[in-house]
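File shown: coords_15.pdb (PDB, C-alpha atoms, pLDDT in the B column).
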```pdb
ATOM      1  CA  GLY M   1       4.065   7.326  35.831  1.00 52.00           C
ATOM      2  CA  ALA M   2       3.307   4.078  34.090  1.00 79.00           C
ATOM      3  CA  GLY M   3       2.497   5.631  30.740  1.00 93.00           C
ATOM      4  CA  VAL M   4       2.386   8.863  28.773  1.00 96.00           C
ATOM      5  CA  SER M   5      -0.208  11.193  30.261  1.00 96.00           C
ATOM      6  CA  GLN M   6      -1.918  13.962  28.336  1.00 97.00           C
ATOM      7  CA  SER M   7      -4.238  16.696  29.538  1.00 97.00           C
ATOM      8  CA  PRO M   8      -6.836  17.852  28.977  1.00 97.00           C
ATOM      9  CA  ARG M   9      -8.386  14.859  27.227  1.00 96.00           C
ATOM     10  CA  TYR M  10     -11.002  17.120  25.657  1.00 97.00           C
ATOM     11  CA  LYS M  11     -10.876  20.828  24.956  1.00 97.00           C
ATOM     12  CA  VAL M  12     -13.478  23.024  23.305  1.00 97.00           C
ATOM     13  CA  ALA M  13     -12.265  26.468  22.299  1.00 97.00           C
ATOM     14  CA  LYS M  14     -13.864  29.377  20.561  1.00 97.00           C
ATOM     15  CA  ARG M  15     -12.129  30.518  17.417  1.00 97.00           C
ATOM     16  CA  GLY M  16      -9.405  32.968  18.326  1.00 97.00           C
ATOM     17  CA  GLN M  17      -8.720  31.568  21.788  1.00 97.00           C
ATOM     18  CA  ASP M  18      -5.325  30.297  22.850  1.00 98.00           C
ATOM     19  CA  VAL M  19      -5.012  26.711  24.100  1.00 98.00           C
ATOM     20  CA  ALA M  20      -2.278  24.775  25.883  1.00 98.00           C
ATOM     21  CA  LEU M  21      -1.987  21.001  25.808  1.00 98.00           C
ATOM     22  CA  ARG M  22       0.209  19.169  28.280  1.00 98.00           C
ATOM     23  CA  CYS M  23       2.197  15.966  27.947  1.00 98.00           C
ATOM     24  CA  ASP M  24       3.857  14.030  30.786  1.00 97.00           C
ATOM     25  CA  PRO M  25       6.180  11.455  29.187  1.00 97.00           C
ATOM     26  CA  ILE M  26       7.279   8.171  30.671  1.00 95.00           C
ATOM     27  CA  SER M  27       9.929   8.844  33.292  1.00 93.00           C
ATOM     28  CA  GLY M  28      13.442   8.659  31.861  1.00 91.00           C
ATOM     29  CA  HIS M  29      12.416   8.898  28.206  1.00 93.00           C
ATOM     30  CA  VAL M  30      14.655  11.445  26.531  1.00 92.00           C
ATOM     31  CA  SER M  31      12.719  11.811  23.289  1.00 93.00           C
ATOM     32  CA  LEU M  32       9.295  13.377  23.015  1.00 95.00           C
ATOM     33  CA  PHE M  33       7.128  13.793  19.944  1.00 94.00           C
ATOM     34  CA  TRP M  34       3.929  15.684  19.134  1.00 96.00           C
ATOM     35  CA  TYR M  35       1.563  14.542  16.390  1.00 96.00           C
ATOM     36  CA  GLN M  36      -1.711  15.851  14.988  1.00 96.00           C
ATOM     37  CA  GLN M  37      -4.338  13.342  13.905  1.00 95.00           C
ATOM     38  CA  ALA M  38      -7.348  14.319  11.816  1.00 92.00           C
ATOM     39  CA  LEU M  39     -10.377  12.046  11.729  1.00 87.00           C
ATOM     40  CA  GLY M  40      -9.726   8.924   9.663  1.00 84.00           C
ATOM     41  CA  GLN M  41      -6.097   9.801   9.036  1.00 88.00           C
ATOM     42  CA  GLY M  42      -2.780   8.651  10.392  1.00 90.00           C
ATOM     43  CA  PRO M  43      -0.895  10.901  12.810  1.00 92.00           C
ATOM     44  CA  GLU M  44       1.058  13.759  11.227  1.00 93.00           C
ATOM     45  CA  PHE M  45       4.365  14.754  12.760  1.00 92.00           C
ATOM     46  CA  LEU M  46       4.520  18.176  14.390  1.00 95.00           C
ATOM     47  CA  THR M  47       7.719  18.425  16.436  1.00 95.00           C
ATOM     48  CA  TYR M  48      10.381  16.427  18.270  1.00 91.00           C
ATOM     49  CA  PHE M  49      12.456  17.012  21.402  1.00 94.00           C
ATOM     50  CA  GLN M  50      15.517  15.297  22.714  1.00 93.00           C
ATOM     51  CA  ASN M  51      15.678  16.281  26.365  1.00 94.00           C
ATOM     52  CA  GLU M  52      14.978  20.027  26.357  1.00 95.00           C
ATOM     53  CA  ALA M  53      16.264  20.615  22.840  1.00 95.00           C
ATOM     54  CA  GLN M  54      13.700  20.954  20.068  1.00 95.00           C
ATOM     55  CA  LEU M  55      15.512  19.165  17.249  1.00 92.00           C
ATOM     56  CA  ASP M  56      12.811  19.280  14.609  1.00 91.00           C
ATOM     57  CA  LYS M  57       9.791  21.545  14.331  1.00 92.00           C
ATOM     58  CA  SER M  58       9.290  21.179  10.621  1.00 91.00           C
ATOM     59  CA  GLY M  59       5.781  19.770  11.031  1.00 92.00           C
ATOM     60  CA  LEU M  60       4.296  22.717  12.902  1.00 95.00           C
ATOM     61  CA  PRO M  61       1.673  24.040  10.464  1.00 94.00           C
ATOM     62  CA  SER M  62       2.073  27.732  11.258  1.00 94.00           C
ATOM     63  CA  ASP M  63       3.712  30.166  13.635  1.00 95.00           C
ATOM     64  CA  ARG M  64       0.574  29.944  15.776  1.00 97.00           C
ATOM     65  CA  PHE M  65       1.859  26.586  16.990  1.00 97.00           C
ATOM     66  CA  PHE M  66       4.570  26.535  19.623  1.00 97.00           C
ATOM     67  CA  ALA M  67       5.976  23.681  21.721  1.00 98.00           C
ATOM     68  CA  GLU M  68       8.339  23.661  24.644  1.00 97.00           C
ATOM     69  CA  ARG M  69       9.972  21.226  27.038  1.00 96.00           C
ATOM     70  CA  PRO M  70      11.986  23.492  29.313  1.00 95.00           C
ATOM     71  CA  GLU M  71      13.295  20.903  31.779  1.00 93.00           C
ATOM     72  CA  GLY M  72      13.472  17.935  29.465  1.00 91.00           C
ATOM     73  CA  SER M  73      10.421  16.242  30.933  1.00 94.00           C
ATOM     74  CA  VAL M  74       6.914  17.720  30.671  1.00 97.00           C
ATOM     75  CA  SER M  75       6.058  19.333  27.354  1.00 98.00           C
ATOM     76  CA  THR M  76       3.407  21.846  26.386  1.00 98.00           C
ATOM     77  CA  LEU M  77       1.972  22.410  22.928  1.00 98.00           C
ATOM     78  CA  LYS M  78       0.470  25.868  22.613  1.00 98.00           C
ATOM     79  CA  ILE M  79      -1.828  26.986  19.836  1.00 98.00           C
ATOM     80  CA  GLN M  80      -2.495  30.685  19.567  1.00 97.00           C
ATOM     81  CA  ARG M  81      -5.569  32.255  17.973  1.00 97.00           C
ATOM     82  CA  THR M  82      -7.141  28.878  17.262  1.00 97.00           C
ATOM     83  CA  GLN M  83      -8.944  28.300  13.974  1.00 97.00           C
ATOM     84  CA  GLN M  84     -11.473  25.663  12.986  1.00 96.00           C
ATOM     85  CA  GLU M  85      -8.899  23.741  10.954  1.00 95.00           C
ATOM     86  CA  ASP M  86      -6.922  23.202  14.170  1.00 97.00           C
ATOM     87  CA  SER M  87      -9.629  20.810  15.356  1.00 97.00           C
ATOM     88  CA  ALA M  88      -7.962  17.425  15.695  1.00 97.00           C
ATOM     89  CA  VAL M  89      -6.551  14.981  18.201  1.00 97.00           C
ATOM     90  CA  TYR M  90      -3.095  15.959  19.409  1.00 98.00           C
ATOM     91  CA  LEU M  91      -0.986  12.953  20.349  1.00 96.00           C
ATOM     92  CA  CYS M  92       2.167  12.939  22.415  1.00 96.00           C
ATOM     93  CA  ALA M  93       4.679  10.098  22.398  1.00 95.00           C
ATOM     94  CA  SER M  94       7.884   9.448  24.275  1.00 94.00           C
ATOM     95  CA  SER M  95      10.759   7.152  23.476  1.00 91.00           C
ATOM     96  CA  PRO M  96      13.734   5.637  25.256  1.00 88.00           C
ATOM     97  CA  GLY M  97      16.948   4.828  23.429  1.00 71.00           C
ATOM     98  CA  THR M  98      15.447   1.813  21.617  1.00 70.00           C
ATOM     99  CA  GLY M  99      13.526   4.047  19.248  1.00 79.00           C
ATOM    100  CA  GLU M 100      10.177   2.511  20.205  1.00 87.00           C
ATOM    101  CA  LEU M 101       7.444   5.105  20.624  1.00 90.00           C
ATOM    102  CA  PHE M 102       4.867   5.025  23.397  1.00 93.00           C
ATOM    103  CA  PHE M 103       1.779   7.167  22.939  1.00 94.00           C
ATOM    104  CA  GLY M 104      -0.610   8.901  25.280  1.00 95.00           C
ATOM    105  CA  GLU M 105      -4.397   8.860  24.875  1.00 94.00           C
ATOM    106  CA  GLY M 106      -4.372  12.212  23.095  1.00 95.00           C
ATOM    107  CA  SER M 107      -6.060  15.574  23.575  1.00 97.00           C
ATOM    108  CA  ARG M 108      -9.108  16.139  21.375  1.00 96.00           C
ATOM    109  CA  LEU M 109      -9.405  19.811  20.423  1.00 97.00           C
ATOM    110  CA  THR M 110     -12.616  21.173  18.966  1.00 97.00           C
ATOM    111  CA  VAL M 111     -12.604  24.771  17.761  1.00 97.00           C
ATOM    112  CA  LEU M 112     -16.034  26.317  17.315  1.00 96.00           C
TER     113      LEU M 112
ATOM    114  CA  LYS Z 113      10.170  13.085   1.921  1.00 78.00           C
ATOM    115  CA  GLN Z 114       9.245   9.662   3.276  1.00 83.00           C
ATOM    116  CA  GLU Z 115       5.799   8.477   2.176  1.00 88.00           C
ATOM    117  CA  VAL Z 116       4.074   5.566   3.906  1.00 92.00           C
ATOM    118  CA  THR Z 117       1.156   3.728   2.318  1.00 94.00           C
ATOM    119  CA  GLN Z 118      -1.072   1.063   3.819  1.00 95.00           C
ATOM    120  CA  ILE Z 119      -3.184  -1.355   1.833  1.00 92.00           C
ATOM    121  CA  PRO Z 120      -6.018  -2.174   2.162  1.00 92.00           C
ATOM    122  CA  ALA Z 121      -7.658   0.858   3.763  1.00 94.00           C
ATOM    123  CA  ALA Z 122     -10.329  -1.384   5.274  1.00 95.00           C
ATOM    124  CA  LEU Z 123     -10.720  -5.115   5.720  1.00 95.00           C
ATOM    125  CA  SER Z 124     -13.558  -7.242   7.050  1.00 96.00           C
ATOM    126  CA  VAL Z 125     -13.027 -10.931   7.800  1.00 96.00           C
ATOM    127  CA  PRO Z 126     -14.842 -13.693   9.671  1.00 97.00           C
ATOM    128  CA  GLU Z 127     -13.451 -14.820  12.997  1.00 97.00           C
ATOM    129  CA  GLY Z 128     -10.676 -17.375  12.775  1.00 97.00           C
ATOM    130  CA  GLU Z 129      -9.165 -16.226   9.492  1.00 96.00           C
ATOM    131  CA  ASN Z 130      -5.487 -15.515   9.061  1.00 97.00           C
ATOM    132  CA  LEU Z 131      -4.837 -12.140   7.487  1.00 94.00           C
ATOM    133  CA  VAL Z 132      -2.080  -9.895   6.177  1.00 96.00           C
ATOM    134  CA  LEU Z 133      -1.836  -6.125   6.356  1.00 96.00           C
ATOM    135  CA  ASN Z 134       0.581  -4.324   4.066  1.00 96.00           C
ATOM    136  CA  CYS Z 135       2.764  -1.278   4.569  1.00 96.00           C
ATOM    137  CA  SER Z 136       5.071   0.296   1.988  1.00 95.00           C
ATOM    138  CA  PHE Z 137       7.510   3.178   2.301  1.00 93.00           C
ATOM    139  CA  THR Z 138       9.436   5.161  -0.268  1.00 91.00           C
ATOM    140  CA  ASP Z 139      12.799   5.740   1.453  1.00 87.00           C
ATOM    141  CA  SER Z 140      14.625   2.614   2.575  1.00 85.00           C
ATOM    142  CA  ALA Z 141      16.967   4.580   4.854  1.00 86.00           C
ATOM    143  CA  ILE Z 142      15.008   3.872   8.014  1.00 87.00           C
ATOM    144  CA  TYR Z 143      16.081   3.213  11.593  1.00 86.00           C
ATOM    145  CA  ASN Z 144      13.102   1.091  12.468  1.00 91.00           C
ATOM    146  CA  LEU Z 145       9.494   0.285  11.640  1.00 93.00           C
ATOM    147  CA  GLN Z 146       6.766   0.048  14.238  1.00 94.00           C
ATOM    148  CA  TRP Z 147       3.245  -1.368  14.035  1.00 96.00           C
ATOM    149  CA  PHE Z 148       0.530   0.123  16.207  1.00 96.00           C
ATOM    150  CA  ARG Z 149      -3.076  -0.580  17.003  1.00 96.00           C
ATOM    151  CA  GLN Z 150      -5.597   2.213  17.583  1.00 95.00           C
ATOM    152  CA  ASP Z 151      -9.053   1.684  19.038  1.00 94.00           C
ATOM    153  CA  PRO Z 152     -11.724   4.360  18.433  1.00 89.00           C
ATOM    154  CA  GLY Z 153     -11.124   7.459  20.541  1.00 85.00           C
ATOM    155  CA  LYS Z 154      -7.915   6.047  21.975  1.00 87.00           C
ATOM    156  CA  GLY Z 155      -4.226   6.571  21.568  1.00 89.00           C
ATOM    157  CA  LEU Z 156      -1.853   4.218  19.793  1.00 93.00           C
ATOM    158  CA  THR Z 157      -0.753   0.942  21.332  1.00 94.00           C
ATOM    159  CA  SER Z 158       2.601  -0.420  20.212  1.00 93.00           C
ATOM    160  CA  LEU Z 159       2.410  -3.947  18.789  1.00 96.00           C
ATOM    161  CA  LEU Z 160       5.801  -4.682  17.296  1.00 96.00           C
ATOM    162  CA  LEU Z 161       9.043  -2.805  16.657  1.00 94.00           C
ATOM    163  CA  ILE Z 162      11.437  -3.996  13.962  1.00 94.00           C
ATOM    164  CA  GLN Z 163      14.893  -2.469  13.925  1.00 91.00           C
ATOM    165  CA  SER Z 164      16.413  -1.820  10.502  1.00 90.00           C
ATOM    166  CA  SER Z 165      18.848  -4.721  10.932  1.00 92.00           C
ATOM    167  CA  GLN Z 166      16.042  -7.195  11.657  1.00 93.00           C
ATOM    168  CA  ARG Z 167      13.832  -9.106   9.240  1.00 94.00           C
ATOM    169  CA  GLU Z 168      10.893  -9.941  11.490  1.00 95.00           C
ATOM    170  CA  GLN Z 169       9.404  -9.800  14.960  1.00 96.00           C
ATOM    171  CA  THR Z 170       6.787 -11.998  16.584  1.00 97.00           C
ATOM    172  CA  SER Z 171       4.441 -11.461  19.501  1.00 96.00           C
ATOM    173  CA  GLY Z 172       1.767 -14.043  20.169  1.00 96.00           C
ATOM    174  CA  ARG Z 173      -0.509 -14.273  17.125  1.00 97.00           C
ATOM    175  CA  LEU Z 174       1.241 -11.351  15.437  1.00 97.00           C
ATOM    176  CA  ASN Z 175       4.215 -11.533  13.101  1.00 97.00           C
ATOM    177  CA  ALA Z 176       5.713  -8.542  11.334  1.00 97.00           C
ATOM    178  CA  SER Z 177       8.278  -8.723   8.571  1.00 97.00           C
ATOM    179  CA  LEU Z 178      10.508  -6.045   7.100  1.00 96.00           C
ATOM    180  CA  ASP Z 179      12.099  -5.899   3.648  1.00 95.00           C
ATOM    181  CA  LYS Z 180      14.018  -2.623   3.517  1.00 91.00           C
ATOM    182  CA  SER Z 181      15.265  -3.104  -0.027  1.00 91.00           C
ATOM    183  CA  SER Z 182      11.757  -3.269  -1.408  1.00 94.00           C
ATOM    184  CA  GLY Z 183      10.333  -0.767   1.078  1.00 93.00           C
ATOM    185  CA  ARG Z 184       7.741  -3.148   2.481  1.00 95.00           C
ATOM    186  CA  SER Z 185       6.487  -4.541   5.732  1.00 96.00           C
ATOM    187  CA  THR Z 186       3.665  -6.961   6.423  1.00 97.00           C
ATOM    188  CA  LEU Z 187       1.740  -7.633   9.607  1.00 97.00           C
ATOM    189  CA  TYR Z 188       0.385 -11.164   9.802  1.00 97.00           C
ATOM    190  CA  ILE Z 189      -2.442 -11.864  12.256  1.00 97.00           C
ATOM    191  CA  ALA Z 190      -3.185 -15.525  12.895  1.00 97.00           C
ATOM    192  CA  ALA Z 191      -6.573 -16.887  13.930  1.00 97.00           C
ATOM    193  CA  SER Z 192      -8.237 -13.478  14.062  1.00 97.00           C
ATOM    194  CA  GLN Z 193     -10.666 -12.664  16.874  1.00 97.00           C
ATOM    195  CA  PRO Z 194     -13.384  -9.983  17.237  1.00 97.00           C
ATOM    196  CA  GLY Z 195     -11.159  -8.264  19.795  1.00 96.00           C
ATOM    197  CA  ASP Z 196      -8.627  -7.672  17.024  1.00 97.00           C
ATOM    198  CA  SER Z 197     -11.019  -5.182  15.431  1.00 97.00           C
ATOM    199  CA  ALA Z 198      -9.218  -1.818  15.354  1.00 97.00           C
ATOM    200  CA  THR Z 199      -7.193   0.400  13.045  1.00 97.00           C
ATOM    201  CA  TYR Z 200      -3.658  -0.819  12.446  1.00 97.00           C
ATOM    202  CA  LEU Z 201      -0.979   1.728  11.662  1.00 96.00           C
ATOM    203  CA  CYS Z 202       2.591   1.315  10.529  1.00 95.00           C
ATOM    204  CA  ALA Z 203       5.253   3.963  10.972  1.00 93.00           C
ATOM    205  CA  VAL Z 204       8.852   4.274   9.880  1.00 91.00           C
ATOM    206  CA  ARG Z 205      11.519   6.308  11.572  1.00 84.00           C
ATOM    207  CA  PRO Z 206      14.547   8.197  10.733  1.00 71.00           C
ATOM    208  CA  ASN Z 207      14.368  11.110  13.212  1.00 63.00           C
ATOM    209  CA  ASP Z 208      10.652  11.624  13.440  1.00 73.00           C
ATOM    210  CA  MET Z 209       8.170   8.855  12.735  1.00 80.00           C
ATOM    211  CA  ARG Z 210       6.053   8.894   9.563  1.00 85.00           C
ATOM    212  CA  PHE Z 211       2.725   7.102   9.614  1.00 90.00           C
ATOM    213  CA  GLY Z 212       0.514   5.494   7.062  1.00 91.00           C
ATOM    214  CA  ALA Z 213      -3.222   6.239   7.094  1.00 92.00           C
ATOM    215  CA  GLY Z 214      -3.941   2.823   8.588  1.00 94.00           C
ATOM    216  CA  THR Z 215      -5.995  -0.271   7.827  1.00 96.00           C
ATOM    217  CA  ARG Z 216      -9.361  -0.477   9.564  1.00 96.00           C
ATOM    218  CA  LEU Z 217      -9.907  -4.128  10.486  1.00 97.00           C
ATOM    219  CA  THR Z 218     -13.252  -5.637  11.417  1.00 97.00           C
ATOM    220  CA  VAL Z 219     -13.381  -9.244  12.583  1.00 97.00           C
ATOM    221  CA  LYS Z 220     -16.929 -10.598  12.579  1.00 96.00           C
ATOM    222  CA  PRO Z 221     -17.996 -13.209  15.151  1.00 94.00           C
TER     223      PRO Z 221
END
```

structure tokens encoding of this file:
Amino acid sequence: GAGVSQSPRYKVAKRGQDVALRCDPISGHVSLFWYQQALGQGPEFLTYFQNEAQLDKSGLPSDRFFAERPEGSVSTLKIQRTQQEDSAVYLCASSPGTGELFFGEGSRLTVL
Amino acid sequence: KQEVTQIPAALSVPEGENLVLNCSFTDSAIYNLQWFRQDPGKGLTSLLLIQSSQREQTSGRLNASLDKSSGRSTLYIAASQPGDSATYLCAVRPNDMRFGAGTRLTVKP
């Protein structure tokens, strides 16, 4: 597609539910990043893929967070047993070899 | 750990003014620095990318400079317009990309 696509755009979950957020990167981009953005803050790094390899997951806040990119294209960020502090916008970005990042519109998660 | 700071946190100017947004980072070992714009409820739009070997980049009314040795970048916006109102974020990259908290710009008609 023309840009990075994320779905769903909005997700409301009850505390304790599992959620899955999807990211379709720009075609041909080998690098893919996930960020978490709280209201009024800059994005915080979660994890980074190069093709299907997860090279850095140091930003994942707990073992309830899991990301995958099995075929080196689409990625899914999964949050298990959601808690209220997980409420945030989850941003996905992809990058070609230039290092420039291109972001999607984000998925806004609200945990009640 | 790389820390990125943006000053000021918020800025309000009348239309037509030239303005400067500041970004500082603690570790000069960066691959590149990128400036983004974020409108409310939207994702980030890339404005300018400066590779570590470059000193500045220009796009239209925007000019970004990079001084790695001092850990600073500035984004210069010429002849500001109300449509420039948004939050401006800078980010530096070794492997991942570290962001500042942003400068919220309001340009008044």

Distance criterion (only C-alpha atoms): nearest to chain M out of Z:Thr186, Z:Ser158, Z:Ser140, Z:Ser171: Z:Ser158

Wanna dump the chain Z-chain M contacts at 6 Å for me, each residue with its shortest atom pair and the distance in Å to one decimal, counting only C-alpha atoms, ordered by chain and number, as a Markdown table?
```
| residue | atom | partner | partner_atom | distance |
| --- | --- | --- | --- | --- |
| Z:Lys154 | CA | M:Glu105 | CA | 5.4 |
| Z:Gly155 | CA | M:Glu105 | CA | 4.0 |
| Z:Leu156 | CA | M:Phe103 | CA | 5.6 |
| Z:Phe211 | CA | M:Gly42 | CA | 5.8 |
| Z:Gly212 | CA | M:Gly42 | CA | 5.6 |
| Z:Ala213 | CA | M:Gly42 | CA | 4.1 |
```

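For the structure shown here, the set of residues caught by the PyMOL selection byres ((chain Z and resi 195) around 10) is Glu127, Ser192, Gln193, Pro194, Asp196, Ser197, Ala198, Thr218, Val219, Lys220 and Pro221 of chain Z.
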
Which residues match the PyMOL selection byres ((chain M and resi 23) around 8) in the file above, as a short mmCIF file (atom, residue, chain, number, x, y, z; two decimals) with C-alpha atoms, keeping the file's coordinate frame?
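Result file is selection.cif:
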```
data_model
loop_
_atom_site.label_atom_id
_atom_site.label_comp_id
_atom_site.auth_asym_id
_atom_site.auth_seq_id
_atom_site.Cartn_x
_atom_site.Cartn_y
_atom_site.Cartn_z
CA VAL M 4 2.39 8.86 28.77
CA SER M 5 -0.21 11.19 30.26
CA GLN M 6 -1.92 13.96 28.34
CA SER M 7 -4.24 16.70 29.54
CA LEU M 21 -1.99 21.00 25.81
CA ARG M 22 0.21 19.17 28.28
CA ASP M 24 3.86 14.03 30.79
CA PRO M 25 6.18 11.46 29.19
CA VAL M 74 6.91 17.72 30.67
CA SER M 75 6.06 19.33 27.35
CA THR M 76 3.41 21.85 26.39
CA CYS M 92 2.17 12.94 22.42
#
```

Given the point (8.2, 24.3, 22.3) in the coordinates of this file, which residues lie within 7 Å, counting all atoms listed in the file, and how would they look as a PyMOL selection string? chain M and resi 54+66-69+76-77

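Counting all atoms listed in the file, Leu145 (chain Z) has the following residues at most 10 Å away, ignoring those fewer than 2 positions along the same chain: Gly99 and Glu100 of chain M; Cys135, Phe137, Ile142, Tyr143, Trp147, Leu160, Leu161, Ile162, Gln163, Ser164, Gln166, Ala176, Ser177, Leu178, Lys180, Arg184, Ser185, Cys202, Ala203, Val204, Arg205, Pro206, Met209, Arg210 and Phe211 of chain Z.
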
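Distance-wise, CA of Glu115 (chain Z) and CA of Ile26 (chain M) end up 28.5 Å apart.
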
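Close contacts of region 12-20 of chain M, defined as residues with an atom at most 8 Å away when counting all atoms listed in the file, with chain neighbours fewer than 6 positions off set aside, comprise Thr76, Leu77, Lys78, Ile79, Gln80, Arg81, Thr82, Gln83, Gln84, Leu109, Thr110, Val111 and Leu112 of chain M.
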
From the coordinates I just gave you, please extract region 150-157 of chain Z so that only all heavy atoms remain, then output it as a short mmCIF file (atom, residue, chain, number, x, y, z; two decimals), in the first residue's frame.
```
data_model
loop_
_atom_site.label_atom_id
_atom_site.label_comp_id
_atom_site.auth_asym_id
_atom_site.auth_seq_id
_atom_site.Cartn_x
_atom_site.Cartn_y
_atom_site.Cartn_z
N GLN Z 150 3.17 16.00 14.36
CA GLN Z 150 2.03 15.18 14.76
C GLN Z 150 0.84 16.08 15.01
O GLN Z 150 0.88 16.96 15.88
CB GLN Z 150 2.35 14.35 16.01
CG GLN Z 150 1.26 13.36 16.37
CD GLN Z 150 1.64 12.41 17.49
OE1 GLN Z 150 2.37 12.78 18.40
NE2 GLN Z 150 1.14 11.17 17.44
N ASP Z 151 -0.23 15.85 14.27
CA ASP Z 151 -1.49 16.54 14.50
C ASP Z 151 -2.31 15.73 15.50
O ASP Z 151 -2.15 14.51 15.61
CB ASP Z 151 -2.24 16.71 13.18
CG ASP Z 151 -1.49 17.65 12.25
OD1 ASP Z 151 -1.53 18.87 12.51
OD2 ASP Z 151 -0.85 17.17 11.30
N PRO Z 152 -3.22 16.39 16.23
CA PRO Z 152 -3.99 15.70 17.27
C PRO Z 152 -4.70 14.46 16.75
O PRO Z 152 -5.39 14.51 15.73
CB PRO Z 152 -4.99 16.77 17.73
CG PRO Z 152 -4.29 18.06 17.44
CD PRO Z 152 -3.52 17.84 16.18
N GLY Z 153 -4.51 13.34 17.43
CA GLY Z 153 -5.18 12.10 17.07
C GLY Z 153 -4.62 11.43 15.83
O GLY Z 153 -5.22 10.48 15.33
N LYS Z 154 -3.49 11.90 15.36
CA LYS Z 154 -2.90 11.36 14.13
C LYS Z 154 -1.55 10.73 14.41
O LYS Z 154 -0.97 10.88 15.48
CB LYS Z 154 -2.73 12.48 13.10
CG LYS Z 154 -4.02 13.17 12.69
CD LYS Z 154 -4.92 12.26 11.87
CE LYS Z 154 -6.11 13.00 11.33
NZ LYS Z 154 -6.99 12.13 10.51
N GLY Z 155 -1.05 10.04 13.41
CA GLY Z 155 0.30 9.51 13.50
C GLY Z 155 1.33 10.59 13.23
O GLY Z 155 1.01 11.77 13.15
N LEU Z 156 2.57 10.16 13.07
CA LEU Z 156 3.67 11.10 12.85
C LEU Z 156 3.96 11.24 11.37
O LEU Z 156 4.05 10.24 10.65
CB LEU Z 156 4.93 10.62 13.57
CG LEU Z 156 5.04 10.89 15.06
CD1 LEU Z 156 4.01 10.11 15.85
CD2 LEU Z 156 6.45 10.58 15.54
N THR Z 157 4.14 12.48 10.94
CA THR Z 157 4.50 12.75 9.55
C THR Z 157 5.96 13.20 9.51
O THR Z 157 6.35 14.14 10.20
CB THR Z 157 3.61 13.87 8.97
OG1 THR Z 157 2.25 13.43 9.02
CG2 THR Z 157 3.99 14.17 7.53
#
```
